[in-house]
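> One structure coming up, written as structure tokens, with questions to follow.
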Amino acid sequence: MNGDKLKIALYWGAACGGCDVAVLDTDEFVLELAAEADILFWPIAVDGKYEDIRALPDGALDATLFSGAVRNAENEDVAHLLREKSQVLIALGSCSAFGGIPGLANAVTREEILERVYLDNPSIELGNRTVPRTRVPVNGTELELPAFYPRVWRLSDVVDVDYLVPGCPPAPERVQEVLAALVSGTLPPRGAVVGAAEKALCEECRRRKADKRVARFVRPWEIVPDPESCLLEQGLPCAGPATRGGCGARCPDINQACRGCYGPPPGVQDQGATLVGAWASVIEAKTVEEAETAFAGLPDVLGIAHRFTLPASLLQRSCR
Amino acid sequence: MSRPPLPRIGVFVCNCGTNIARTVDCEEIACAAMEWPGVVVARAYKYMCSDPGQEMIAEEVREKRLDRVVVAACSPRMHEPTFRRALASSGLNPYLLEMANIREQCSWVHDDPRAATDKALALARAAVARVVRHEPLEKRFVPMNPATLVLGGGIAGMTAALQLADAGQPVTIVERADRLGGNVARIDLTAPHLDSARELLLGRLARVSMHPMISVLLRAELEQLEGYQGNFTADVAVEGASRRLEIGSVVVCTGYKEFDAARVEGLGYGRLPDVITSFELELMLKRGRIEMADGRTPRTVALVHCVGSRSEEYHGYCSRVCCMTALKYGHEVKSALPGAAVVDLYIDMHAFGKGCEDFYRKTAEIKTLFLMYGKNAPPVIRPAGPKDDCNLLITLDEKLSGEEIEVPADLVVLMVGMEPREDAGRVAQLVNISRDKDGWFIESHPKLDPVATTTDGIYIAGACQSPKDIPDSVAQARAAAARILAKVAKGKIEVDAIFAEVDAARCSGCRICGTMCPYGAIEYDEEQKSSRVVEASCKACGCCAAACPSLAVRARHFTDEQIFAQIEGVL
Amino acid sequence: MAFEPRIVGFLCNWCSYTGADLAGTSRIKYPPNVRVIRTMCSARIRPSFVLKALAEGADGVLICGCHPGDCHYSEGNYKTLRRQVLLKRLVAGYGIEPERVRLEWVSASEGQRFAEVVADMTERIRRLGPSRVEMLPSTRRAG
């Protein structure tokens, strides 16, 4: 092992693996990275065990890219472990940065999830009442599963995080920029959001924008959007106005409304509430009934407005 | 991030005699406030708004080098100006004050001293949390262009133009038609004094056309208006060519059009040649001969009121001039055709103007037959048969007698009401003013500010605001001119220190704020791809700031940080 | 101790705040549970303000503006109404009773009405019981 080489790790918590694929999507660059840095741990691509990491002295890793949210005890344990062993901890992707898609589970309780997945699901074998438990006695010994938490946490809720790289997944070219900056030691001061823009997505969206008046919101399948004009003006609940740019407006470019994966723009605390404020500002209703009609195309407001940021919301679920 | 230096806050709690102190423990608040971050002095006093009270505040500001002040007292709507002056007198920017309303919204409405004191504590704590985030603000000034654009050259437009021009200020009248005079030019005599409308107009027309400060653009239309009060740019199309005008104010005097009587089927207008409108009778009167379609002289002339007005089906409002105009026709018919009978079919006689009740009485004296019909039950007019000794028959439910009766007539005059012009919507959009449910332009305040609109620098006068007679139109026109002259006299316009502003470094150009502003104060810069607020047009409602998804729009003195701090403070 | 709701009131300067002041000058009594924050127009209220109040422990949020057609800023109250409809659906998504967020029109002359609205809302929230939003994420690490 070359002592001058950077030592890095990549890990996934509650994640789909898309962020790992985004790293691989940097194509040849990932080979250059491997030349510049020893990847000591990367469950999806490199053989390695938790024991190997535990054996390292504290701070032995120059950097860890942690994708995925914290959903269970294993996610949290590894987050603590990697924090101890890493000089720089980067939350890679929206799950790690804001809770992401797994974070939508915070709209319901742990009990509701277990019930729906293991008991009420139509595909469950009749009579099967198996629900996973943290500890199960089997043949005189006890098997242990990581505890399933009552809610999803962001990485920064359980450990100190140095950088956030938003995106679901982050655009490969931005991942490459961040990794290159890491290798060359040119990352900005800690605490920054990196691999993203400093303004909302509309800044880089190429569509023609006018003052906004929307008769009603539509479901994506209801219309074939005009490719030139603003999608929000066409009634699609585009999250772009309250979403940090940096992705290059990939979704609007293929006639899809922005889903908000880069999280809120700088300074905005609550992406969902901000989107609600913005979306409700463009309709023309003058009565509750007219407003309800105009919003019929937004059936699950919490889920649409907080698609990637529910665990980061100002407000969390009611306990009852 | 560098931490700002700790603030030095003074908290002053007013007993308001016993008005506050009877229910709220003011000493307790002062004691508690000393423990709050940033508070260096906290005092209760019997009358904070009194001279000694204000002097106490000013003294503490100077001695303790306070840079923020909280006054827990009455409503800020009551004494905020007073305490702002107290700050200013001690050299502190007046906007570094925050008030906690512990009288109107606390001591006067709650009986339980403990609960009232707790609430007062929360309000004071919130005020302290908020004032930490206050910034010194300065008023600004923008120049006032003395030139005025008058839209419409009717009686209101000409009056406004003359008043402004006589005061030495330049005016441009933009008139769509090929002559000035508007609807007044279409009438013969005026009610109730039976003066000639022509006489009223001629003098004015001559003065307008000769006046060195007035330029008149005929066959002209406003195409675009940009800018803000004191500083508008208008594009006017004159006979196909476009002309650009720099102006400071706009007076909209676009008038009305008459109701289309053919819409009321049963009256037969358009089908029966001897059913005519009031304006068609005016034409006959001006020509000097009242006659039927076949040239015969009518023996009975019937006048039908409220055609299109005060009805569920057409317009709900009263058109205000028709009752007196109908009485006027009674006089004119009697004087032109002394032998003719006049029948007046009305719903209610509205004779509210000066001299109008006398006029009504005089008309009754000349033997006009008054018949009353019900709202939403207009008379029905049909041709008379060969045996009838008349041209037309009018059927109505006569309310005074309670009977359905038939009235013979040779000529029927329909008193058509006023309605907004077809292009009123476009005009409203061009100058950014609103219209009411009937389509009339809306004034800033129906009683206290009847000629200004919600957009500063845009005024309305005459019947475009609602049906009105000549005296009211003239009064409005003069009032609008006076409002403009007052601003011209000042030479500049004071812009309140509280307005919204856009941080271009945050603005993504999404343009959600664009439709929020009722005053058109938000402009989009195509080159910078960002929005900006025209300070002089902004009235600080803050709805753009609430809509902005990038927190780029900042509502000065009502910023997110200030309100968030207040929320934490009250809880 | 009996549950006393804590309610944050956002009042527009021109109608509702003046109406609340009028309740005071008329000495109309009402429960002390609403703590008022003044904004120039009800349309200044960002949905985030309401979430913030609920997250900080408010049991209810009362927003008051001018009656429709009577807004000092022409149509600000309609903008408030539009946001309110969507906001209530957002709040319900968190499992919070949407009645905890209430919009009322109170004019400058309706001191009595303001007092009645406050009394009614206080009573309704009292019956609903305390709002129990889950601890904020930042509190996990402290504990």
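Going through the structure tokens in order, the chains are called A, B, and so on, while each chain numbers its residues from 1 and the ligands are numbered from 1 in the order shown.
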Give one line per residue of chain A that approaches chain B to at most 10 Å, naming the two atoms of the closest pair and their distance in Å to one decimal, counting only C-alpha atoms; sort by chain then ascending residue number and deliver it as a tab-separated table.

residue	atom	partner	partner_atom	distance
A:Glu198	CA	B:Arg506	CA	7.5
A:Lys199	CA	B:Arg506	CA	5.7
A:Ala200	CA	B:Ser508	CA	5.4
A:Leu201	CA	B:Ser508	CA	7.1
A:Cys202	CA	B:Cys510	CA	5.5
A:Glu203	CA	B:Ser508	CA	4.5
A:Glu204	CA	B:Ser508	CA	8.2
A:Cys205	CA	B:Cys510	CA	9.4
A:Arg208	CA	B:Cys510	CA	9.9
A:Lys209	CA	B:Cys510	CA	6.8
A:Ala210	CA	B:Arg511	CA	6.4
A:Asp211	CA	B:Gly514	CA	5.1
A:Lys212	CA	B:Ile512	CA	5.7
A:Arg213	CA	B:Thr515	CA	7.2
A:Cys230	CA	B:Cys510	CA	8.9
A:Leu232	CA	B:Cys510	CA	9.6
A:Glu233	CA	B:Ile512	CA	9.7
A:Ala239	CA	B:Pro549	CA	9.6
A:Gly240	CA	B:Cys510	CA	8.4
A:Pro241	CA	B:Pro549	CA	5.8
A:Ala242	CA	B:Pro549	CA	4.8
A:Thr243	CA	B:Ser550	CA	8.4
A:Arg244	CA	B:Ser550	CA	8.9
A:Gly245	CA	B:Ser508	CA	9.2
A:Pro264	CA	B:Ser550	CA	8.2
A:Pro265	CA	B:Ser550	CA	6.0
A:Pro266	CA	B:Ser550	CA	7.5
A:Gly267	CA	B:Leu551	CA	7.1
A:Val268	CA	B:Leu551	CA	6.7
A:Gln269	CA	B:Leu551	CA	9.9
A:Asp270	CA	B:Pro549	CA	10.0
A:Gln271	CA	B:Pro549	CA	8.3
A:Ala273	CA	B:Pro549	CA	9.3
A:Thr274	CA	B:Pro549	CA	5.6
A:Leu275	CA	B:Pro549	CA	6.6
A:Val276	CA	B:Ala547	CA	8.9
A:Gly277	CA	B:Ala547	CA	5.4
A:Ala278	CA	B:Ala547	CA	4.8
A:Trp279	CA	B:Ala547	CA	8.3
A:Ala280	CA	B:Ala547	CA	8.3
A:Ser281	CA	B:Ala547	CA	6.1
A:Val282	CA	B:Ile512	CA	6.9
A:Ile283	CA	B:Thr515	CA	9.9
> Got a sec: who's within 12 Å of Arg244 of chain B, counting only C-alpha atoms, leaving out chain neighbours fewer than 3 positions off, as a list of chain:residue names?
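Answer for this query is B:Leu149, B:Thr172, B:Glu221, B:Leu222, B:Glu223, B:Gln224, B:Leu225, B:Glu226, B:Phe232, B:Thr233, B:Ala234, B:Asp235, B:Val236, B:Ala237, B:Val238, B:Ala241, B:Ile247.
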> Kindly give the distance, in Å, that separates atom CA of Ala481 of chain B and atom CA of Asp188 of chain B, rounded to a single decimal.
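These atoms are spaced 27.7 Å apart.
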> Find the residues around Lys29 of chain C up to 10 Å (only C-alpha atoms counted), leave out those fewer than 6 positions away in its own chain, and share them as a list of chain:residue names.
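My reading of the contact set: B:Gln105, B:Cys106, B:Ser107, B:Trp108, B:Val109, B:His110, B:Asp111, C:Ala23, C:Gln112, C:Ala115, C:Glu116, C:Ala119.
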> Mind dumping the selected residues with N, CA and C atoms as a PDB file, in the first residue's frame?

ATOM      1  N   GLN B 105     -54.344  44.456  23.396  1.00  0.00           N
ATOM      2  CA  GLN B 105     -54.448  43.021  23.156  1.00  0.00           C
ATOM      3  C   GLN B 105     -54.051  42.207  24.379  1.00  0.00           C
ATOM      4  N   CYS B 106     -54.026  42.864  25.546  1.00  0.00           N
ATOM      5  CA  CYS B 106     -53.717  42.093  26.761  1.00  0.00           C
ATOM      6  C   CYS B 106     -54.479  42.615  27.979  1.00  0.00           C
ATOM      7  N   SER B 107     -54.025  43.741  28.572  1.00  0.00           N
ATOM      8  CA  SER B 107     -54.621  44.131  29.857  1.00  0.00           C
ATOM      9  C   SER B 107     -56.103  44.486  29.730  1.00  0.00           C
ATOM     10  N   TRP B 108     -56.504  44.995  28.577  1.00  0.00           N
ATOM     11  CA  TRP B 108     -57.894  45.401  28.419  1.00  0.00           C
ATOM     12  C   TRP B 108     -58.829  44.243  28.082  1.00  0.00           C
ATOM     13  N   VAL B 109     -58.268  43.106  27.722  1.00  0.00           N
ATOM     14  CA  VAL B 109     -59.148  42.016  27.278  1.00  0.00           C
ATOM     15  C   VAL B 109     -59.075  40.784  28.176  1.00  0.00           C
ATOM     16  N   HIS B 110     -58.177  40.828  29.173  1.00  0.00           N
ATOM     17  CA  HIS B 110     -58.076  39.676  30.069  1.00  0.00           C
ATOM     18  C   HIS B 110     -58.287  40.119  31.511  1.00  0.00           C
ATOM     19  N   ASP B 111     -58.923  39.267  32.299  1.00  0.00           N
ATOM     20  CA  ASP B 111     -59.212  39.608  33.694  1.00  0.00           C
ATOM     21  C   ASP B 111     -58.189  39.026  34.654  1.00  0.00           C
TER      22      ASP B 111
ATOM     23  N   ALA C  23     -61.295  45.326  19.968  1.00  0.00           N
ATOM     24  CA  ALA C  23     -61.793  44.485  21.060  1.00  0.00           C
ATOM     25  C   ALA C  23     -61.252  45.027  22.378  1.00  0.00           C
ATOM     26  N   GLN C 112     -65.691  42.490  18.357  1.00  0.00           N
ATOM     27  CA  GLN C 112     -66.498  41.430  18.963  1.00  0.00           C
ATOM     28  C   GLN C 112     -66.225  40.092  18.277  1.00  0.00           C
ATOM     29  N   ALA C 115     -62.906  38.581  19.261  1.00  0.00           N
ATOM     30  CA  ALA C 115     -62.991  37.943  20.575  1.00  0.00           C
ATOM     31  C   ALA C 115     -63.695  36.594  20.476  1.00  0.00           C
ATOM     32  N   GLU C 116     -64.741  36.536  19.660  1.00  0.00           N
ATOM     33  CA  GLU C 116     -65.473  35.274  19.521  1.00  0.00           C
ATOM     34  C   GLU C 116     -64.630  34.211  18.830  1.00  0.00           C
ATOM     35  N   ALA C 119     -62.117  32.929  21.333  1.00  0.00           N
ATOM     36  CA  ALA C 119     -62.757  32.082  22.339  1.00  0.00           C
ATOM     37  C   ALA C 119     -63.106  30.716  21.737  1.00  0.00           C
TER      38      ALA C 119
END
> As a short mmCIF file (atom, residue, chain, number, x, y, z; two decimals) with N, CA and C atoms, in the first residue's frame, please: the residues near Arg124 of chain C (cut-off 10 Å, only C-alpha atoms, same-chain neighbours under 4 positions excluded).

data_model
loop_
_atom_site.label_atom_id
_atom_site.label_comp_id
_atom_site.auth_asym_id
_atom_site.auth_seq_id
_atom_site.Cartn_x
_atom_site.Cartn_y
_atom_site.Cartn_z
N PRO C 5 -54.24 25.73 25.90
CA PRO C 5 -53.58 25.74 24.58
C PRO C 5 -52.74 27.00 24.38
N GLY C 60 -51.96 25.53 18.21
CA GLY C 60 -52.79 25.97 17.10
C GLY C 60 -52.21 27.24 16.50
N GLU C 99 -57.55 21.22 11.84
CA GLU C 99 -58.28 22.30 12.56
C GLU C 99 -57.34 23.14 13.41
N ARG C 100 -56.14 22.63 13.62
CA ARG C 100 -55.20 23.42 14.43
C ARG C 100 -54.72 24.66 13.68
N VAL C 118 -61.36 33.99 18.85
CA VAL C 118 -60.33 33.52 19.79
C VAL C 118 -60.95 32.56 20.80
N ALA C 119 -62.12 32.93 21.33
CA ALA C 119 -62.76 32.08 22.34
C ALA C 119 -63.11 30.72 21.74
N ASP C 120 -63.64 30.76 20.53
CA ASP C 120 -64.06 29.52 19.88
C ASP C 120 -62.85 28.63 19.56
N LEU C 128 -59.29 19.37 21.50
CA LEU C 128 -58.39 18.51 20.73
C LEU C 128 -57.24 18.00 21.59
N GLY C 129 -56.86 18.79 22.59
CA GLY C 129 -55.72 18.42 23.43
C GLY C 129 -54.44 18.98 22.85
#
> Considering only helix (DSSP H, G or I) as DSSP defines it on the backbone, what residues of segment 344-384 of chain B qualify? List them as a count of residues only.
10
> Need the shell around Arg113 of chain C: protein/DNA/RNA residues with any atom at most 10 Å away, counting only C-alpha atoms. Skip same-chain ones fewer than 6 positions apart. Format as a list in words?
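Selected residues are Ser16, Gly19, Ala20, Ala23, Ile28, Glu104, Trp105, Val106, Ser107 and Ala119 of chain C.
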> Go through chain C residue by residue and, counting only C-alpha atoms, keep those with an atom at most 6 Å from chain A; for each kept residue give the shortest atom pair and its distance in Å to one decimal, ordered by chain and increasing number, as CSV.

residue,atom,partner,partner_atom,distance
C:Pro47,CA,A:Ala273,CA,5.4
C:Ser48,CA,A:Ala273,CA,5.3
C:Leu51,CA,A:Leu315,CA,5.8
C:Ala55,CA,A:Leu315,CA,5.1
C:Tyr78,CA,A:Lys286,CA,5.6
C:Arg82,CA,A:Ala280,CA,5.5
C:Arg83,CA,A:Ala280,CA,4.9
C:Leu90,CA,A:Leu302,CA,5.1
C:Gly93,CA,A:Leu302,CA,5.5
C:Tyr94,CA,A:Arg317,CA,4.6
C:Gly95,CA,A:Ser318,CA,5.2
C:Ile96,CA,A:Ser318,CA,5.7
C:Arg132,CA,A:Ser318,CA,5.5
C:Val133,CA,A:Ser318,CA,4.0
C:Glu134,CA,A:Gln316,CA,5.4
C:Pro137,CA,A:Asp157,CA,6.0
> Nearest residue to chain C out of B:Gly339, B:Pro212, B:Pro113, B:Gly17, using only C-alpha atoms?
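Of B:Gly339, B:Pro212, B:Pro113, B:Gly17, the one nearest chain C is B:Pro113, counting only C-alpha atoms.
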> Within 8 Å of Arg320 of chain B, counting only C-alpha atoms, which residues show up once you throw out same-chain ones fewer than 2 positions away? Write them as a PDB file with N, CA and C atoms, in the first residue's frame, please.

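As a result, result_37.pdb now contains:
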ATOM      1  N   CYS B 318     -77.929  51.046 -10.132  1.00  0.00           N
ATOM      2  CA  CYS B 318     -78.703  52.162 -10.679  1.00  0.00           C
ATOM      3  C   CYS B 318     -77.761  53.006 -11.537  1.00  0.00           C
ATOM      4  N   CYS B 322     -80.635  58.481 -15.302  1.00  0.00           N
ATOM      5  CA  CYS B 322     -81.777  58.264 -16.194  1.00  0.00           C
ATOM      6  C   CYS B 322     -83.065  58.879 -15.648  1.00  0.00           C
ATOM      7  N   CYS B 323     -83.301  58.829 -14.339  1.00  0.00           N
ATOM      8  CA  CYS B 323     -84.549  59.362 -13.793  1.00  0.00           C
ATOM      9  C   CYS B 323     -84.687  60.839 -14.137  1.00  0.00           C
ATOM     10  N   HIS B 350     -85.546  58.122  -8.511  1.00  0.00           N
ATOM     11  CA  HIS B 350     -84.335  58.507  -7.784  1.00  0.00           C
ATOM     12  C   HIS B 350     -84.017  59.964  -8.085  1.00  0.00           C
ATOM     13  N   PRO B 467     -71.515  54.725 -12.730  1.00  0.00           N
ATOM     14  CA  PRO B 467     -72.376  55.704 -13.383  1.00  0.00           C
ATOM     15  C   PRO B 467     -72.412  57.003 -12.589  1.00  0.00           C
ATOM     16  N   LYS B 468     -72.275  58.101 -13.305  1.00  0.00           N
ATOM     17  CA  LYS B 468     -72.423  59.368 -12.590  1.00  0.00           C
ATOM     18  C   LYS B 468     -72.817  60.475 -13.541  1.00  0.00           C
ATOM     19  N   ASP B 469     -73.314  61.580 -12.948  1.00  0.00           N
ATOM     20  CA  ASP B 469     -73.759  62.700 -13.761  1.00  0.00           C
ATOM     21  C   ASP B 469     -72.603  63.666 -13.989  1.00  0.00           C
TER      22      ASP B 469
END
> Tell me the residues of chain C close to chain B, meaning within 9 Å using only C-alpha atoms, as a VMD selection string.
chain C and resid 6 to 8 13 17 to 18 20 to 37 39 to 47 49 52 to 53 56 to 58 72 to 76 79 to 80 115
> Segment 267-270 of chain B: which residues within 10 Å, counting only C-alpha atoms, same-chain residues fewer than 2 positions away excluded, as a PyMOL selection string?
chain B and resi 260-265+272-277+304+307+378-383+394+412-414
> Can you spit out the residues from that selection as a CSV table (one decimal), in the first residue's frame, using C-alpha atoms?

chain,number,residue,atom,x,y,z
B,260,ASP,CA,-77.9,47.7,-25.6
B,261,ALA,CA,-81.7,47.9,-25.3
B,262,ALA,CA,-82.3,45.1,-27.8
B,263,ARG,CA,-81.2,42.7,-25.0
B,264,VAL,CA,-84.6,43.3,-23.3
B,265,GLU,CA,-86.7,41.3,-25.7
B,272,LEU,CA,-90.4,48.3,-33.5
B,273,PRO,CA,-89.2,51.4,-35.3
B,274,ASP,CA,-90.9,53.8,-32.8
B,275,VAL,CA,-89.2,52.3,-29.8
B,276,ILE,CA,-86.0,54.4,-29.5
B,277,THR,CA,-83.3,54.9,-27.0
B,304,VAL,CA,-89.4,53.7,-19.8
B,307,VAL,CA,-83.6,49.8,-19.2
B,378,PRO,CA,-90.3,45.3,-17.3
B,379,PRO,CA,-93.2,46.5,-19.5
B,380,VAL,CA,-93.9,44.7,-22.7
B,381,ILE,CA,-94.4,46.7,-25.9
B,382,ARG,CA,-96.2,45.5,-29.0
B,383,PRO,CA,-97.6,47.1,-32.1
B,394,ILE,CA,-97.4,49.0,-23.5
B,412,VAL,CA,-91.5,55.0,-26.7
B,413,VAL,CA,-88.2,56.2,-25.3
B,414,LEU,CA,-86.0,53.7,-23.5
> Find the distance between atom CA of Phe66 of chain A and atom CA of Leu82 of chain A and write it in Å to one decimal.
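Atom CA of Leu82 of chain A lies at a distance of 8.7 Å from atom CA of Phe66 of chain A.
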> Mind listing the strand (DSSP E or B) residues of chain C, per DSSP on the backbone, as a ChimeraX atom specification?
/C:7-12,34-39,60-65,71,74,101-105,133
> So what do you get for atom CA of Ile470 of chain B versus atom CA of Asp348 of chain B, distance-wise?
21.5 Å
> Smallest atom-to-atom distance to Tyr47 of chain B: which of B:His79, B:Arg68, B:His211, B:Arg84, using only C-alpha atoms?
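When distances to Tyr47 of chain B are compared using only C-alpha atoms, the smallest one comes from B:His79.
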